Amino acid sequence: MSVDIQLAPVIHFEPGLSTSKPSRGGNLAAGALRAGSLVAFVTILLVFSLTAPYFLSVGNIGNVLGQSAISGVLAIGLTIVLIAGGSNVVTGGIDLSLAANMGLSAAVYATAAQLGYGDATAVAGALLTGLLIGAINAIAVVGAGIVPLLATLAVMNIVAGLELVLTQNTVIPASTPLLTDLSSSGPLGIPALAYVLLVFTLIAAAIVQHTPAGLRLYAVGEFPDAARAAGLPVRRLVAGAFMASGFCGGVAGVLSVSNLSGSTTGSGEMLLPVVVTALLGSVFSRRLVPTVIGTLLSTLFVGFLVNGFQLLNISSVLVSGVQGLLILLVVSATTLLRRQEA
Amino acid sequence: MTQDKAVQGVGRRDLLKLSAVAGAAIAGASLIGSRTAAAEGELSLKGKRIAISATGTDHFFDLQAYNAQIEEVKRLGGEPIAVDAGRNDGKLVSQLQTLIAQKPDAIVQILGTLSVIDPWLKKARDAGIPVLTVDVGSTNSINNTTSDNWGIGKDLALQLVSDIGGEGNIVVFNGFYGVTPCAIRYDQLVNVVKYFPKVKILEPELRDVIPNTVQDAFTQITALLNKYPEKGSIKAIWSAWDIPQLGATQAVAAAGRTEILTYGVDGSPEVLQLVADPNSPAGADVAQQPAEIGRTAIQNVARLLAGQTLPRETYVPALIANKANVNEVSKKLGIG
């Protein structure tokens with residue numbers, strides 16, 4: 001297997017395809033679920049485009065893409081950790097500090113901008129903050145050997161506390177040329193954030209799905225023992241995944257400042273939706289594993305759902321309920337199937 | 001189609017008027033009653049889609065204003081598109097973006113941090129959608145319906161200063177100076193205190209937070225009471241709204257320091273109950289009339305769409321509830 005992975009050419013590769021042979025029934029069911037979730041996605045888009053006025057307009061689709069940018073970038077960060085840590089929710093890879101990371105990075109950016117520093121310094125500050133948080137997570141998980149769930153939970157609290165100290169729990173308005181560009185509309189009247197999301201996804205997908213390093217992440221996540229035996233630097237790869245996730249938190253921080261014209265409180269509320277989005281992403285991949293494109297689709301799925309409900313004038317009280325129900329259905333189906341495969 | 005609806009609307013309104021008059025005649029109701037019905041009948045939102053964007057509905061004020069707006073739009077024959085951001089700025093911005101794409105006949109924004117919402121209110125305005133606001137002044141809003149916050153701030157400050165006999169230390173929660181109504185109320189407190197040299201605002205000022213406002217205020221005040229253990233070293237606690245006041249009042253009562261009086265704004269039912277309790281340290285709560293504010297904002301939308309010019313601000317009177325008159329005020333607000 002190690003030979004396989006190391007010699008794998010840099011082309012599209014479905015990880016683990018050669019590792020286990022799931023039963024034909026399981027395969028069929030998995031195929032059905034995969035197809036089913038795509039069909040569900042397309043059906044929902046169709047229903048909305050037929051019933052909800054303005055749904056199909058370029059402006060609205062651009063809006064949804066733009067609105068999904070922040071949660072999408074965060075969910076992609078989490079996806080990388082899920083890949084490297086394995087998808088067991090309790091003992092596997094998870095980064096609970098992501099949303100708080102975004103909040104602190106945003107606060108750093110906004111504070112730097114208010115102090116009169118230029119965009120370059122402010123962006124560097126935000127990204128370094130994100131990377132630093134990722135490094136702390138990596139040390140706690142890889143160095144101290146703490147379960148990611150607990151390690152990142154602790155880091156989340158530290159980071160949220162630092163954000164409170166920095167912002168005094170107030171809104172810090174910020175306005176810089178970069179922020180103006182990010183919150184404006186690009187070609188076709190589509191928000192710049194929408195383009196940012198697409199470009200970011202493409203880059204992340206290229207790195208994670210199409211480079212040797214990315215493939216090794218999958219090996220480490222799915223079969224850590226085999227990966228170690230094959231001589232892969234397991235600890236370095238897991239640490240790298242947390243750093244990448246931290247970096248995503250920093251990027252999301254910058255995007256959030258542009259979207260909200262400053263840093264605001266309550267970033268922690270993003271955490272659970274992002275976790276759910278990243279977990280849901282598996283159903284949009286061929287082997288029901290976390291992938292970057294799968295996560296993008298799942299982010300857009302949730303985005304279109306919320307958008308469609310608003311366009312149909314369905315009370316926002318119902319949105320979270322229906323969303324939760326759909327997610328429960330999909331996630332339980334995936335879990336059952338994976339168990340069957342194992 | 002719009003014309004059809006308008007014609008239909010007139011027909012229905014006429015019927016309504018007729019029935020109101022007939023009803024009045026039959027029931028022998030007072031003349032004033034029928035005149036009010038006729039006057040309100042002139043406003044209509046028939047065939048109009050009115051977007052109502054609330055920052056949140058977890059406080060008494062927002063919930064009352066939000067629900068009253070939805071009801072009022074329906075009553076005037078319009079279709080409300082109501083969205084509630086649950087006090088999440090990201091969600092609020094997304095909802096505003098989508099609302100702009102929905103091209104409603106008007107958007108009414110309830111509360112919100114100005115720096116967060118203003119760029120999107122501007123985009124709505126640029127898209128030709130009239131924007132009205134409730135309790136948040138913005139250059140992009142045609143009209144802001146609000147309580148007279150200068151009056152509220154002054155009334156509350158004067159009540160406080162008079163209750164403590166014009167001297168002593170006061171503790172102030174000032175965590176939301178970025179929210180315009182809070183800033184005005186705070187400035188009015190400072191203005192009043194300026195002329196009472198023996199009244200001192202303790203430094204550092206406390207910062208109230210959202211969420212966990214009550215617990216946080218409780219914790220902060222408990223800590224502060226330990227720092228100032230002598231009776232009389234603190235005379236009163238002021239906050240720009242009454243949810244921190246709730247936590248502060250509980251902390252003062254729990255510490256047995258009921259000589260300290262608490263002051264706040266909004267008329268939340270649980271705080272009005274405390275003001276009504278003669279043993280509670282809750283001193284006064286200025287009650288806004290959120291439902292009335294909500295209705296007024298929607299009536300302003302109808303006026304605007306009918307071609308009338310609106311004033312920059314429409315003030316709905318607020319009522320100060322102190323130990324002496326709290327029952328009266330509660331009755332007027334329809335609670336208690």
# chains A, B, ... in the order shown; residues from 1 in each chain; ligands from 1
$ closest_atom_pairs --of "chain A" --to "chain B" --cutoff "9 Å" --atoms "only C-alpha atoms" --output "CSV"
residue,atom,partner,partner_atom,distance
A:Pro53,CA,B:Gln102,CA,7.6
A:Tyr54,CA,B:Gln102,CA,6.3
A:Phe55,CA,B:Gln102,CA,8.8
A:Ser57,CA,B:Ala101,CA,8.7
A:Gly59,CA,B:Ala101,CA,6.9
A:Asn60,CA,B:Ala101,CA,6.2
A:Asn63,CA,B:Gln97,CA,6.9
A:Val64,CA,B:Thr98,CA,8.3
A:Gly66,CA,B:Ser94,CA,8.9
A:Gln67,CA,B:Ser94,CA,6.0
A:Gln168,CA,B:Arg207,CA,7.8
A:Asn169,CA,B:Val209,CA,6.8
A:Thr170,CA,B:Phe176,CA,7.1
A:Val171,CA,B:Gly178,CA,7.4
A:Ile172,CA,B:Ser115,CA,8.7
A:Pro173,CA,B:Ser115,CA,6.1
A:Ala174,CA,B:Ser115,CA,8.6
A:Ser256,CA,B:Gly90,CA,8.0
A:Asn259,CA,B:Gly90,CA,7.6
A:Leu260,CA,B:Val116,CA,5.1
A:Ser261,CA,B:Val116,CA,5.6
A:Gly262,CA,B:Val116,CA,7.1
A:Thr264,CA,B:Asp89,CA,7.3
A:Thr265,CA,B:Asp89,CA,8.2
A:Gly266,CA,B:Asn88,CA,6.7
A:Ser267,CA,B:Asn88,CA,8.4
A:Glu269,CA,B:Asn88,CA,7.9
A:Asn307,CA,B:Thr98,CA,7.1
A:Gln310,CA,B:Val83,CA,7.4
A:Leu311,CA,B:Gln102,CA,7.0
A:Asn313,CA,B:Ile81,CA,5.8
A:Ile314,CA,B:Ile81,CA,8.7
A:Ser315,CA,B:Val83,CA,7.2
A:Ser316,CA,B:Val83,CA,6.1
A:Val317,CA,B:Asp84,CA,8.2
$ select_by_dssp --residues "segment 89-258 of chain A" --states "alpha helix (DSSP H)" --output "ChimeraX atom specification"
/A:98-114,119-138,148-167,177-183,192-210,212-222,224-229,234-258
$ residues_around --residues "Gly151 of chain B" --least-positions-apart "5" --cutoff "9 Å" --atoms "only C-alpha atoms" --output "PyMOL selection string"
chain B and resi 156+185+188+317-318
$ residues_around --residues "Gly72 of chain A" --least-positions-apart "4" --cutoff "7 Å" --atoms "only C-alpha atoms" --output "MDAnalysis selection string"
chainID A and resid 68 76 296 299
$ write_last_selection --atoms "C-alpha atoms" --output "short mmCIF file (atom, residue, chain, number, x, y, z; two decimals), in the first residue's frame"
data_model
loop_
_atom_site.label_atom_id
_atom_site.label_comp_id
_atom_site.auth_asym_id
_atom_site.auth_seq_id
_atom_site.Cartn_x
_atom_site.Cartn_y
_atom_site.Cartn_z
CA SER A 68 -21.50 30.54 2.06
CA ILE A 76 -12.98 23.05 4.37
CA LEU A 296 -18.33 22.76 -0.78
CA THR A 299 -22.08 24.16 2.34
#
$ closest_residue --among "A:Ala194, A:Leu164, A:Ala252, A:Ala213" --to "Leu98 of chain A" --atoms "only C-alpha atoms"
A:Ala252
$ closest_residue --among "B:Ala251, B:Gly264, B:Asp163, B:Lys231" --to "Cys182 of chain B" --atoms "only C-alpha atoms"
B:Gly264
$ atom_distance --atom1 "atom CA of Thr180 of chain A" --atom2 "atom CA of Leu115 of chain A"
17.7 Å
$ residues_around --residues "Ala135 of chain A" --least-positions-apart "5" --cutoff "9 Å" --atoms "only C-alpha atoms" --output "ChimeraX atom specification"
/A:130,140,239-240,242-243,246
$ write_last_selection --atoms "N, CA, C and O atoms" --output "PDB file, in the first residue's frame"
ATOM      1  N   GLY A 130      -4.395  32.812  13.002  1.00  0.00           N
ATOM      2  CA  GLY A 130      -4.988  31.519  12.676  1.00  0.00           C
ATOM      3  C   GLY A 130      -3.954  30.402  12.724  1.00  0.00           C
ATOM      4  O   GLY A 130      -4.188  29.347  13.328  1.00  0.00           O
ATOM      5  N   ALA A 140      -0.949  20.335  21.152  1.00  0.00           N
ATOM      6  CA  ALA A 140      -1.776  19.651  22.155  1.00  0.00           C
ATOM      7  C   ALA A 140      -2.126  18.239  21.706  1.00  0.00           C
ATOM      8  O   ALA A 140      -2.110  17.301  22.496  1.00  0.00           O
ATOM      9  N   ALA A 239      -0.232  17.112  12.478  1.00  0.00           N
ATOM     10  CA  ALA A 239       0.064  18.484  12.903  1.00  0.00           C
ATOM     11  C   ALA A 239      -0.185  19.455  11.750  1.00  0.00           C
ATOM     12  O   ALA A 239      -0.773  20.531  11.934  1.00  0.00           O
ATOM     13  N   GLY A 240       0.237  19.038  10.546  1.00  0.00           N
ATOM     14  CA  GLY A 240       0.030  19.884   9.368  1.00  0.00           C
ATOM     15  C   GLY A 240      -1.444  20.139   9.109  1.00  0.00           C
ATOM     16  O   GLY A 240      -1.843  21.246   8.735  1.00  0.00           O
ATOM     17  N   PHE A 242      -3.828  20.288  11.330  1.00  0.00           N
ATOM     18  CA  PHE A 242      -4.332  21.297  12.273  1.00  0.00           C
ATOM     19  C   PHE A 242      -3.847  22.691  11.900  1.00  0.00           C
ATOM     20  O   PHE A 242      -4.582  23.674  12.055  1.00  0.00           O
ATOM     21  N   MET A 243      -2.601  22.777  11.401  1.00  0.00           N
ATOM     22  CA  MET A 243      -2.094  24.079  10.951  1.00  0.00           C
ATOM     23  C   MET A 243      -2.930  24.595   9.780  1.00  0.00           C
ATOM     24  O   MET A 243      -3.295  25.771   9.719  1.00  0.00           O
ATOM     25  N   GLY A 246      -6.138  25.845  11.057  1.00  0.00           N
ATOM     26  CA  GLY A 246      -5.954  27.145  11.687  1.00  0.00           C
ATOM     27  C   GLY A 246      -5.831  28.260  10.655  1.00  0.00           C
ATOM     28  O   GLY A 246      -6.419  29.328  10.802  1.00  0.00           O
TER      29      GLY A 246
END
$ atom_distance --atom1 "atom CA of Ser280 of chain B" --atom2 "atom CA of Gly334 of chain B"
22.2 Å
$ select_by_dssp --residues "segment 165-295 of chain A" --states "strand (DSSP E)" --output "ChimeraX atom specification"
/A:172-173,262-263
